[in-house]
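> I am sharing query.pdb, which consists of PDB, C-alpha atoms, pLDDT in the B column:
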ATOM      1  CA  ILE A  17     -46.834   5.790 -26.673  1.00 89.00           C
ATOM      2  CA  GLU A  18     -47.065   3.277 -29.495  1.00 92.00           C
ATOM      3  CA  ALA A  19     -50.058   1.804 -31.309  1.00 93.00           C
ATOM      4  CA  SER A  20     -48.444  -1.280 -32.846  1.00 95.00           C
ATOM      5  CA  GLU A  21     -46.527  -4.321 -31.680  1.00 95.00           C
ATOM      6  CA  THR A  22     -43.509  -3.368 -33.789  1.00 95.00           C
ATOM      7  CA  GLY A  23     -43.610   0.203 -32.502  1.00 95.00           C
ATOM      8  CA  ALA A  24     -43.803  -0.945 -28.886  1.00 96.00           C
ATOM      9  CA  VAL A  25     -40.812  -3.252 -29.289  1.00 96.00           C
ATOM     10  CA  THR A  26     -38.778  -0.608 -31.125  1.00 96.00           C
ATOM     11  CA  ALA A  27     -39.586   2.056 -28.521  1.00 96.00           C
ATOM     12  CA  ALA A  28     -38.708  -0.244 -25.618  1.00 95.00           C
ATOM     13  CA  LEU A  29     -35.387  -1.189 -27.212  1.00 94.00           C
ATOM     14  CA  ALA A  30     -34.553   2.462 -27.860  1.00 95.00           C
ATOM     15  CA  SER A  31     -35.633   3.933 -24.522  1.00 95.00           C
ATOM     16  CA  LYS A  32     -35.177   1.016 -22.081  1.00 94.00           C
ATOM     17  CA  PRO A  33     -38.062   2.127 -19.828  1.00 96.00           C
ATOM     18  CA  ASP A  34     -38.315   1.355 -16.121  1.00 95.00           C
ATOM     19  CA  LEU A  35     -41.941   0.252 -16.585  1.00 96.00           C
ATOM     20  CA  MET A  36     -44.269  -0.568 -19.475  1.00 96.00           C
ATOM     21  CA  ILE A  37     -48.046  -0.223 -19.499  1.00 96.00           C
ATOM     22  CA  LEU A  38     -49.386  -2.072 -22.519  1.00 94.00           C
ATOM     23  CA  ASP A  39     -52.754  -2.692 -23.993  1.00 94.00           C
ATOM     24  CA  ALA A  40     -53.123  -6.408 -24.636  1.00 92.00           C
ATOM     25  CA  ARG A  41     -54.573  -5.630 -28.066  1.00 91.00           C
ATOM     26  CA  LEU A  42     -52.798  -3.080 -30.216  1.00 90.00           C
ATOM     27  CA  GLY A  43     -53.925  -1.604 -33.515  1.00 85.00           C
ATOM     28  CA  LYS A  44     -51.464  -3.831 -35.334  1.00 91.00           C
ATOM     29  CA  GLY A  45     -50.335  -6.825 -33.319  1.00 90.00           C
ATOM     30  CA  SER A  46     -50.432  -7.755 -29.686  1.00 93.00           C
ATOM     31  CA  GLY A  47     -49.097  -6.143 -26.542  1.00 94.00           C
ATOM     32  CA  ILE A  48     -48.619  -9.659 -25.164  1.00 95.00           C
ATOM     33  CA  THR A  49     -46.377 -10.646 -28.067  1.00 95.00           C
ATOM     34  CA  ALA A  50     -44.514  -7.328 -27.817  1.00 96.00           C
ATOM     35  CA  VAL A  51     -43.727  -8.039 -24.149  1.00 95.00           C
ATOM     36  CA  ASP A  52     -42.542 -11.547 -25.030  1.00 95.00           C
ATOM     37  CA  GLN A  53     -40.108 -10.087 -27.572  1.00 95.00           C
ATOM     38  CA  ILE A  54     -38.831  -7.433 -25.184  1.00 95.00           C
ATOM     39  CA  LEU A  55     -38.420  -9.880 -22.283  1.00 94.00           C
ATOM     40  CA  ARG A  56     -36.144 -12.061 -24.408  1.00 95.00           C
ATOM     41  CA  LEU A  57     -33.562  -9.268 -24.103  1.00 91.00           C
ATOM     42  CA  TRP A  58     -34.087  -8.022 -20.553  1.00 90.00           C
ATOM     43  CA  TYR A  59     -36.750  -7.790 -17.885  1.00 92.00           C
ATOM     44  CA  ILE A  60     -38.909  -4.677 -17.725  1.00 94.00           C
ATOM     45  CA  PRO A  61     -41.737  -4.582 -15.190  1.00 96.00           C
ATOM     46  CA  HIS A  62     -45.048  -4.312 -17.021  1.00 96.00           C
ATOM     47  CA  VAL A  63     -48.796  -3.981 -16.604  1.00 97.00           C
ATOM     48  CA  PHE A  64     -51.299  -5.227 -19.159  1.00 96.00           C
ATOM     49  CA  VAL A  65     -54.518  -3.247 -19.570  1.00 95.00           C
ATOM     50  CA  SER A  66     -57.488  -4.371 -21.605  1.00 94.00           C
ATOM     51  CA  GLY A  67     -61.231  -4.170 -21.881  1.00 93.00           C
ATOM     52  CA  ASP A  68     -61.203  -7.980 -22.029  1.00 92.00           C
ATOM     53  CA  LEU A  69     -58.505  -9.656 -19.936  1.00 93.00           C
ATOM     54  CA  SER A  70     -59.444 -13.228 -20.862  1.00 93.00           C
ATOM     55  CA  CYS A  71     -56.614 -13.541 -23.404  1.00 92.00           C
ATOM     56  CA  VAL A  72     -54.046 -12.164 -20.945  1.00 94.00           C
ATOM     57  CA  ARG A  73     -55.307 -14.492 -18.191  1.00 94.00           C
ATOM     58  CA  ARG A  74     -55.029 -17.473 -20.534  1.00 95.00           C
ATOM     59  CA  LEU A  75     -51.556 -16.655 -21.903  1.00 93.00           C
ATOM     60  CA  LYS A  76     -49.986 -14.891 -18.903  1.00 93.00           C
ATOM     61  CA  PRO A  77     -51.868 -15.966 -15.766  1.00 93.00           C
ATOM     62  CA  SER A  78     -49.291 -14.472 -13.387  1.00 93.00           C
ATOM     63  CA  ALA A  79     -49.069 -11.107 -15.185  1.00 95.00           C
ATOM     64  CA  VAL A  80     -50.121  -7.869 -13.550  1.00 96.00           C
ATOM     65  CA  MET A  81     -53.282  -6.834 -15.378  1.00 96.00           C
ATOM     66  CA  LEU A  82     -55.893  -4.137 -15.149  1.00 96.00           C
ATOM     67  CA  GLN A  83     -59.415  -4.140 -16.589  1.00 96.00           C
ATOM     68  CA  LYS A  84     -60.538  -1.043 -18.544  1.00 95.00           C
ATOM     69  CA  PRO A  85     -62.055   1.257 -17.549  1.00 95.00           C
ATOM     70  CA  PHE A  86     -60.023   1.698 -14.394  1.00 96.00           C
ATOM     71  CA  ARG A  87     -59.515   4.292 -11.685  1.00 96.00           C
ATOM     72  CA  GLU A  88     -56.234   6.082 -11.045  1.00 96.00           C
ATOM     73  CA  ALA A  89     -55.913   4.280  -7.692  1.00 96.00           C
ATOM     74  CA  ASP A  90     -56.234   0.914  -9.456  1.00 97.00           C
ATOM     75  CA  LEU A  91     -53.481   1.879 -11.898  1.00 97.00           C
ATOM     76  CA  ALA A  92     -51.234   2.988  -9.036  1.00 96.00           C
ATOM     77  CA  ALA A  93     -51.784  -0.342  -7.245  1.00 96.00           C
ATOM     78  CA  ALA A  94     -51.054  -2.301 -10.449  1.00 96.00           C
ATOM     79  CA  ILE A  95     -47.834  -0.353 -10.980  1.00 96.00           C
ATOM     80  CA  GLN A  96     -46.777  -1.094  -7.404  1.00 95.00           C
ATOM     81  CA  ARG A  97     -47.421  -4.817  -7.968  1.00 95.00           C
ATOM     82  CA  ALA A  98     -45.444  -4.763 -11.216  1.00 96.00           C
ATOM     83  CA  LEU A  99     -42.531  -3.028  -9.514  1.00 95.00           C
ATOM     84  CA  GLY A 100     -42.696  -5.398  -6.553  1.00 92.00           C
ATOM     85  CA  VAL A 101     -43.428  -2.580  -4.120  1.00 72.00           C
ATOM     86  CA  VAL A 102     -44.987  -3.771  -0.886  1.00 54.00           C
ATOM     87  CA  SER A 103     -47.779  -1.484   0.237  1.00 53.00           C
ATOM     88  CA  LEU A 104     -48.881  -1.737   3.828  1.00 49.00           C
ATOM     89  CA  SER A 105     -52.437  -0.870   4.721  1.00 48.00           C
ATOM     90  CA  PRO A 106     -53.004   1.209   7.851  1.00 48.00           C
ATOM     91  CA  GLY A 107     -53.017  -1.036  10.882  1.00 45.00           C
ATOM     92  CA  THR A 108     -50.794  -3.764   9.400  1.00 41.00           C
TER      93      THR A 108
END
Take the structure from the file and write it as structure tokens.

Amino acid sequence: IEASETGAVTAALASKPDLMILDARLGKGSGITAVDQILRLWYIPHVFVSGDLSCVRRLKPSAVMLQKPFREADLAAAIQRALGVVSLSPGT
């Protein structure tokens, strides 16, 4: 868990996570810019969360995003989309 753009980038480089869940707006900096920096080195699936997704929609229209507040089921579905997991509904 990091509260700044620099911290998020440093943590991702150090830990090489399988998935990142980032707030679009961090205390210092931007989660969007942090992802851009990280993705220059390698791809990590990610989900943007924010109380106001307009900036994410404008800058990253194809990104997986989740509006705050959200339910656990919504987060699980967003993670599945980010990981490219196909979820079949009953009857499909």
> Using all atoms listed in the file, find each residue of segment 67-96 of chain A with at least one atom at most 9 Å away from an atom of segment 39-60 of chain A; report its shortest atom-to-atom pair and that distance in Å (one decimal), sort the rows by chain and rising residue number, and return the result as CSV.

residue,atom,partner,partner_atom,distance
A:Gly67,CA,A:Ala40,CA,8.9
A:Asp68,CA,A:Ala40,CA,8.6
A:Leu69,CA,A:Ala40,CA,7.8
A:Cys71,CA,A:Ala40,CA,8.0
A:Val72,CA,A:Ala40,CA,6.9
A:Leu75,CA,A:Ile48,CA,8.3
A:Lys76,CA,A:Ile48,CA,8.3
> So what do you get for atom CA of Glu18 of chain A versus atom CA of His62 of chain A, distance-wise?
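Between these atoms lies a distance of 14.7 Å.
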> Do a neighbour search on segment 84-91 of chain A at 7 Å with only C-alpha atoms, toss out local chain neighbours closer than 3 positions, and write the hits as number ranges by chain.
A: 65-67, 94-95
> Taking only C-alpha atoms into account, which of A:Ile37, A:Val63, A:Ala30, A:Leu99 comes nearest Ile17 of chain A?
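Using only C-alpha atoms, the shortest distance to Ile17 of chain A belongs to A:Ile37.
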> To one decimal place, how far is atom CA of Ser70 of chain A from atom CA of Ser31 of chain A in Å?
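According to the coordinates, atom CA of Ser70 of chain A and atom CA of Ser31 of chain A are separated by 29.6 Å.
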> Kindly compute an axis-aligned box around the listed atoms of segment 84-95 of chain A, allowing 6 Å on each side, and express its centre and edge lengths in Å to one decimal as lines of an AutoDock Vina configuration file.

center_x = -54.9
center_y = 1.9
center_z = -12.9
size_x = 26.2
size_y = 20.4
size_z = 23.3
> Between A:Gln83, A:Leu38, A:Ala19, A:Pro77, single out the one closest to Phe64 of chain A, counting only C-alpha atoms.
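Residue with the minimum atom-to-atom distance to Phe64 of chain A: A:Leu38.
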> Suppose you want the space between atom CA of Ala93 of chain A and atom CA of Leu35 of chain A; what is it in Å?
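Distance reported for this atom pair: 13.6 Å.
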